[in-house]
Structures are given as C-alpha cells and as structure tokens.
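A.B. asks: File data_11.cif below, mmCIF, C-alpha atoms:
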data_work
#
loop_
_atom_site.label_atom_id
_atom_site.label_comp_id
_atom_site.auth_asym_id
_atom_site.auth_seq_id
_atom_site.Cartn_x
_atom_site.Cartn_y
_atom_site.Cartn_z
CA MET A 1 -92.62 -9.46 -94.47
CA ARG A 2 -89.40 -7.80 -93.62
CA SER A 3 -87.70 -8.81 -90.38
CA ILE A 4 -85.72 -6.43 -88.24
CA SER A 5 -82.64 -7.88 -86.62
CA ILE A 6 -82.11 -7.51 -82.90
CA VAL A 7 -78.82 -5.65 -83.53
CA LYS A 8 -80.61 -2.99 -85.59
CA LEU A 9 -83.32 -2.67 -82.94
CA ILE A 10 -80.80 -2.22 -80.13
CA THR A 11 -78.82 0.28 -82.23
CA PHE A 12 -82.00 2.24 -82.88
CA PHE A 13 -82.86 2.39 -79.16
CA PHE A 14 -79.31 3.52 -78.26
CA PHE A 15 -79.52 6.21 -80.93
CA ILE A 16 -82.86 7.45 -79.53
CA ALA A 17 -81.43 7.38 -75.98
CA LEU A 18 -78.40 9.38 -77.14
CA ILE A 19 -80.64 12.03 -78.69
CA ILE A 20 -82.76 12.26 -75.52
CA VAL A 21 -79.71 12.54 -73.24
CA ASN A 22 -78.11 15.23 -75.43
CA SER A 23 -81.37 17.17 -75.54
CA ALA A 24 -81.67 16.99 -71.76
CA PHE A 25 -78.09 18.27 -71.32
CA TYR A 26 -78.72 21.13 -73.75
CA ILE A 27 -81.90 22.18 -71.92
CA GLU A 28 -80.18 21.91 -68.53
CA SER A 29 -77.15 23.93 -69.65
CA ASN A 30 -79.42 26.74 -70.90
CA ARG A 31 -81.31 26.69 -67.59
CA GLN A 32 -78.07 26.90 -65.61
CA ILE A 33 -76.88 29.84 -67.69
CA ARG A 34 -80.19 31.69 -67.16
CA ASP A 35 -80.03 30.98 -63.41
CA ALA A 36 -76.44 32.24 -63.19
CA GLU A 37 -77.41 35.41 -65.06
CA TYR A 38 -80.39 35.96 -62.74
CA PHE A 39 -78.26 35.50 -59.60
CA THR A 40 -75.72 37.93 -61.06
CA TYR A 41 -78.56 40.40 -61.62
CA GLN A 42 -79.53 40.04 -57.94
CA ARG A 43 -75.92 40.73 -56.91
CA PHE A 44 -75.95 43.81 -59.12
CA MET A 45 -79.07 45.07 -57.37
CA LEU A 46 -77.40 44.48 -53.99
CA GLY A 47 -74.31 46.31 -55.29
CA MET A 48 -76.41 49.34 -56.23
CA ARG A 49 -77.87 49.35 -52.74
CA ILE A 50 -74.38 49.14 -51.23
CA ARG A 51 -73.23 52.08 -53.36
CA GLY A 52 -76.21 54.11 -52.17
CA GLN A 53 -75.24 53.79 -48.51
CA GLU A 54 -73.14 56.41 -46.77
CA ASP A 55 -70.56 53.84 -45.71
CA SER A 56 -67.06 54.68 -46.95
CA GLY A 57 -66.17 51.00 -47.42
CA ALA A 58 -68.52 50.50 -50.38
CA THR A 59 -65.68 49.44 -52.70
CA GLU A 60 -64.60 46.70 -50.31
CA GLN A 61 -68.19 45.53 -49.82
CA LEU A 62 -68.67 45.39 -53.58
CA LYS A 63 -65.50 43.30 -53.89
CA GLN A 64 -66.84 40.85 -51.30
CA ILE A 65 -69.88 40.11 -53.47
CA GLY A 66 -67.81 39.89 -56.67
CA LEU A 67 -68.48 43.35 -58.14
CA LYS A 68 -66.53 46.52 -58.85
CA ASN A 69 -67.10 49.92 -60.39
CA SER A 70 -66.34 49.72 -64.09
CA GLU A 71 -63.98 52.02 -65.95
CA TYR A 72 -65.97 51.67 -69.19
CA ASP A 73 -68.28 54.39 -70.44
CA PRO A 74 -71.96 53.37 -70.00
CA ASN A 75 -72.76 54.45 -73.56
CA GLU A 76 -69.98 52.24 -74.97
CA ILE A 77 -71.32 49.24 -73.05
CA ARG A 78 -74.89 49.92 -74.24
CA GLN A 79 -73.91 50.36 -77.89
CA ASN A 80 -71.55 47.41 -78.22
CA GLY A 81 -73.00 44.94 -75.71
CA GLU A 82 -75.81 42.39 -75.68
CA LYS A 83 -78.69 43.19 -73.33
CA ILE A 84 -79.48 40.24 -71.02
CA PHE A 85 -81.97 41.68 -68.52
CA SER A 86 -83.71 45.02 -68.46
CA ASP A 87 -86.07 46.84 -66.14
CA SER A 88 -87.09 50.44 -65.57
CA TYR A 89 -84.03 51.01 -63.38
CA ALA A 90 -81.06 49.45 -65.21
CA ASP A 91 -79.83 47.02 -67.85
CA MET A 92 -77.62 43.98 -67.44
CA ILE A 93 -75.42 43.82 -70.52
CA ARG A 94 -72.83 41.29 -71.72
CA TYR A 95 -69.82 43.18 -73.11
CA ASN A 96 -66.34 41.74 -73.78
CA LYS A 97 -67.40 38.39 -72.25
CA LYS A 98 -68.28 40.06 -68.92
CA LEU A 99 -71.56 41.19 -67.39
CA TYR A 100 -72.16 44.85 -66.58
CA PHE A 101 -74.99 46.55 -64.73
CA VAL A 102 -75.68 49.92 -66.34
CA PRO A 103 -78.13 52.21 -64.47
CA ARG A 104 -80.71 54.20 -66.43
CA PHE A 105 -81.59 57.23 -64.33
CA PHE A 106 -82.99 59.28 -67.19
CA SER A 107 -85.94 56.88 -67.49
CA VAL A 108 -87.11 57.40 -63.90
CA ASP A 109 -89.62 60.16 -63.26
CA ALA A 110 -88.31 62.79 -60.82
CA LYS A 111 -91.40 62.30 -58.61
CA MET A 112 -90.93 58.51 -58.54
CA LEU A 113 -87.22 58.50 -57.68
CA PRO A 114 -87.71 59.32 -53.96
CA ARG A 115 -90.39 56.58 -53.69
CA ILE A 116 -88.08 54.05 -55.33
CA MET A 117 -85.25 55.04 -52.98
CA ILE A 118 -87.47 54.68 -49.93
CA ALA A 119 -88.65 51.26 -51.13
CA ALA A 120 -84.98 50.25 -51.54
CA GLY A 121 -84.23 51.33 -47.97
CA LEU A 122 -82.34 54.50 -48.91
CA ASP A 123 -82.92 57.99 -47.57
CA PRO A 124 -83.60 60.29 -50.55
CA LEU A 125 -82.39 63.33 -48.58
CA LYS A 126 -79.01 61.82 -47.67
CA ASN A 127 -78.19 59.86 -50.84
CA ASP A 128 -77.73 61.42 -54.24
CA ILE A 129 -78.24 58.26 -56.24
CA THR A 130 -77.89 60.04 -59.57
CA THR A 131 -74.16 60.39 -58.96
CA HIS A 132 -73.87 56.60 -59.20
CA GLU A 133 -74.26 56.33 -62.96
CA VAL A 134 -71.01 54.36 -63.16
CA PRO A 135 -71.70 50.79 -64.33
CA LEU A 136 -70.96 47.85 -62.07
CA GLU A 137 -68.74 45.07 -63.44
CA ASN A 138 -69.12 41.41 -62.53
CA LEU A 139 -65.82 39.92 -61.32
CA GLU A 140 -67.03 36.32 -61.20
CA GLU A 141 -66.61 34.33 -64.38
CA MET A 142 -69.55 32.34 -65.67
CA SER A 143 -67.83 29.09 -66.55
CA THR A 144 -69.46 26.21 -68.36
CA ILE A 145 -66.23 24.19 -68.50
CA SER A 146 -67.25 21.80 -65.70
CA PHE A 147 -70.60 21.19 -67.32
CA GLY A 148 -68.93 20.57 -70.69
CA LEU A 149 -66.48 18.11 -69.14
CA MET A 150 -69.34 16.19 -67.55
CA LEU A 151 -71.23 16.08 -70.86
CA GLY A 152 -68.13 14.99 -72.76
CA SER A 153 -67.35 12.20 -70.31
CA ILE A 154 -70.89 10.85 -70.55
CA LEU A 155 -70.85 10.95 -74.35
CA ILE A 156 -67.48 9.19 -74.56
CA SER A 157 -68.49 6.38 -72.21
#
Before we go any further, please render this structure as structure tokens.
C.D. replies:
Amino acid sequence: MRSISIVKLITFFFFIALIIVNSAFYIESNRQIRDAEYFTYQRFMLGMRIRGQEDSGATEQLKQIGLKNSEYDPNEIRQNGEKIFSDSYADMIRYNKKLYFVPRFFSVDAKMLPRIMIAAGLDPLKNDITTHEVPLENLEEMSTISFGLMLGSILIS
C-alpha cells in the first residue's frame, strides 16, 4: 500500500483551493463587466430620452450622466464594432475601446413610433425623434484595474 505524505496532501489541498479561488474571481469579474455594460445601456436609454426633450441644455444634461453625442458615423461604428446589447430600438456597440449607443430608426414601424414615444414620455407631435440618429458615446471608462490589483495581491500572498 502506498502512503501519501502529509506535505503532499496539504499541497494538493492548497492547489485545489487556488483553482477554486481563481475560478471564483474569473466568474465575478465577468459578472461585474456584464453589470457595468447593462448600467451603461440604461444610461444610454436615459440619454436618448434627454435628447428627445425640448430643453436646450440637453448637451449639458448628457455630460452630467457621462454621455455625449459622438462624431463618428453610425455605419462605421456598426461595421467595425462589436455588438454588446441589441433591441428593436438601438444597439450598444464597443468600438475603439469605448461604448456607443447607435439608434436604429429604420427598424421601427411608422405606426409604432408614436406609441413608443408616448410610452417613453415624449410627445410625438413636438419631438422629431428621427433627427436624433447621432450615436451617443460613453465618457466613463470601464476599468478593471482595481479588480486586477485585488486579484494579484491575493494570488501573491
């Protein structure tokens, strides 16, 4: 019968614990990235609502929530970017390490557009939402540096 030394047993358990901890950090980092992307998507939706209002200070309000109107062509963003979220209204696309919200007005039925605007709290008679085909750009950086530093410090210790 072969005996297993206590040192080998302890080493094996530390190795298993290291694998479990690393797996947990990987899963958590992916969850945090998805959550950050979802919250960015919500800010984009709020930004579209702000742009649809008659208020002349829309640019300043967009800046307060970390958004701005993008100078990029929507087609360029769509062709060269990676689609993160998509719905019948717009796409959230990662392009040049930033997130953009690109509206898709051609996919909305002309009869449904007034209903969608009313549901969003906009007056279809006062707001010409089709003029807002300019993409929104996220100004806030999605940084994983702090999470990486925490992971590195735990692995080193």
A.B. asks: Find the residues around range 71-80 of chain A up to 12 Å (only C-alpha atoms counted), leave out those fewer than 5 positions away in its own chain, and share them as a list in words.
C.D. replies: Ser86, Ala90, Asp91, Met92, Ile93, Arg94, Tyr95, Asn96, Lys97, Lys98, Leu99, Tyr100, Phe101, Val102, Pro103, Arg104, Phe105, His132, Glu133, Val134, Pro135, Leu136 and Glu137 of chain A
A.B. asks: Suppose you want the space between CA of Tyr26 in chain A and CA of Tyr38 in chain A; what is it in Å?
C.D. replies: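 Between these atoms lies a distance of 18.5 Å.
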A.B. asks: At most 12 Å is the cut-off: for each residue in range 28-66 of chain A with any atom that close to an atom of range 11-23 of chain A, write down the nearest atom pair and the distance in Å rounded to one decimal, counting all atoms listed in the file, chain first then increasing number, as a Markdown table.
C.D. replies:
| residue | atom | partner | partner_atom | distance |
| --- | --- | --- | --- | --- |
| A:Glu28 | CA | A:Ser23 | CA | 8.5 |
| A:Ser29 | CA | A:Ser23 | CA | 9.9 |
| A:Asn30 | CA | A:Ser23 | CA | 10.8 |
A.B. asks: Just how far from CA of Gly57 in chain A is CA of Asp87 in chain A, in Å to one decimal?
C.D. replies: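 Between these atoms lies a distance of 27.6 Å.
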A.B. asks: Between CA of Arg43 in chain A and CA of Leu67 in chain A, what distance in Å does the model show, to one decimal?
C.D. replies: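 Between these atoms lies a distance of 8.0 Å.
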A.B. asks: Around the point (-83.1, 49.6, -50.0), in the coordinates given by the file, pick out the residues reaching within 10 Å, counting only C-alpha atoms, and return them as a PyMOL selection string.
C.D. replies: chain A and resi 45-46+48-50+52-53+116-123
A.B. asks: Using all atoms listed in the file, find the one residue out of A:Thr59, A:Glu37, A:Met112, A:Arg2 that sits nearest to Ser88 in chain A.
C.D. replies: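 Going through A:Thr59, A:Glu37, A:Met112, A:Arg2 one by one, the smallest distance to Ser88 in chain A is for A:Met112.
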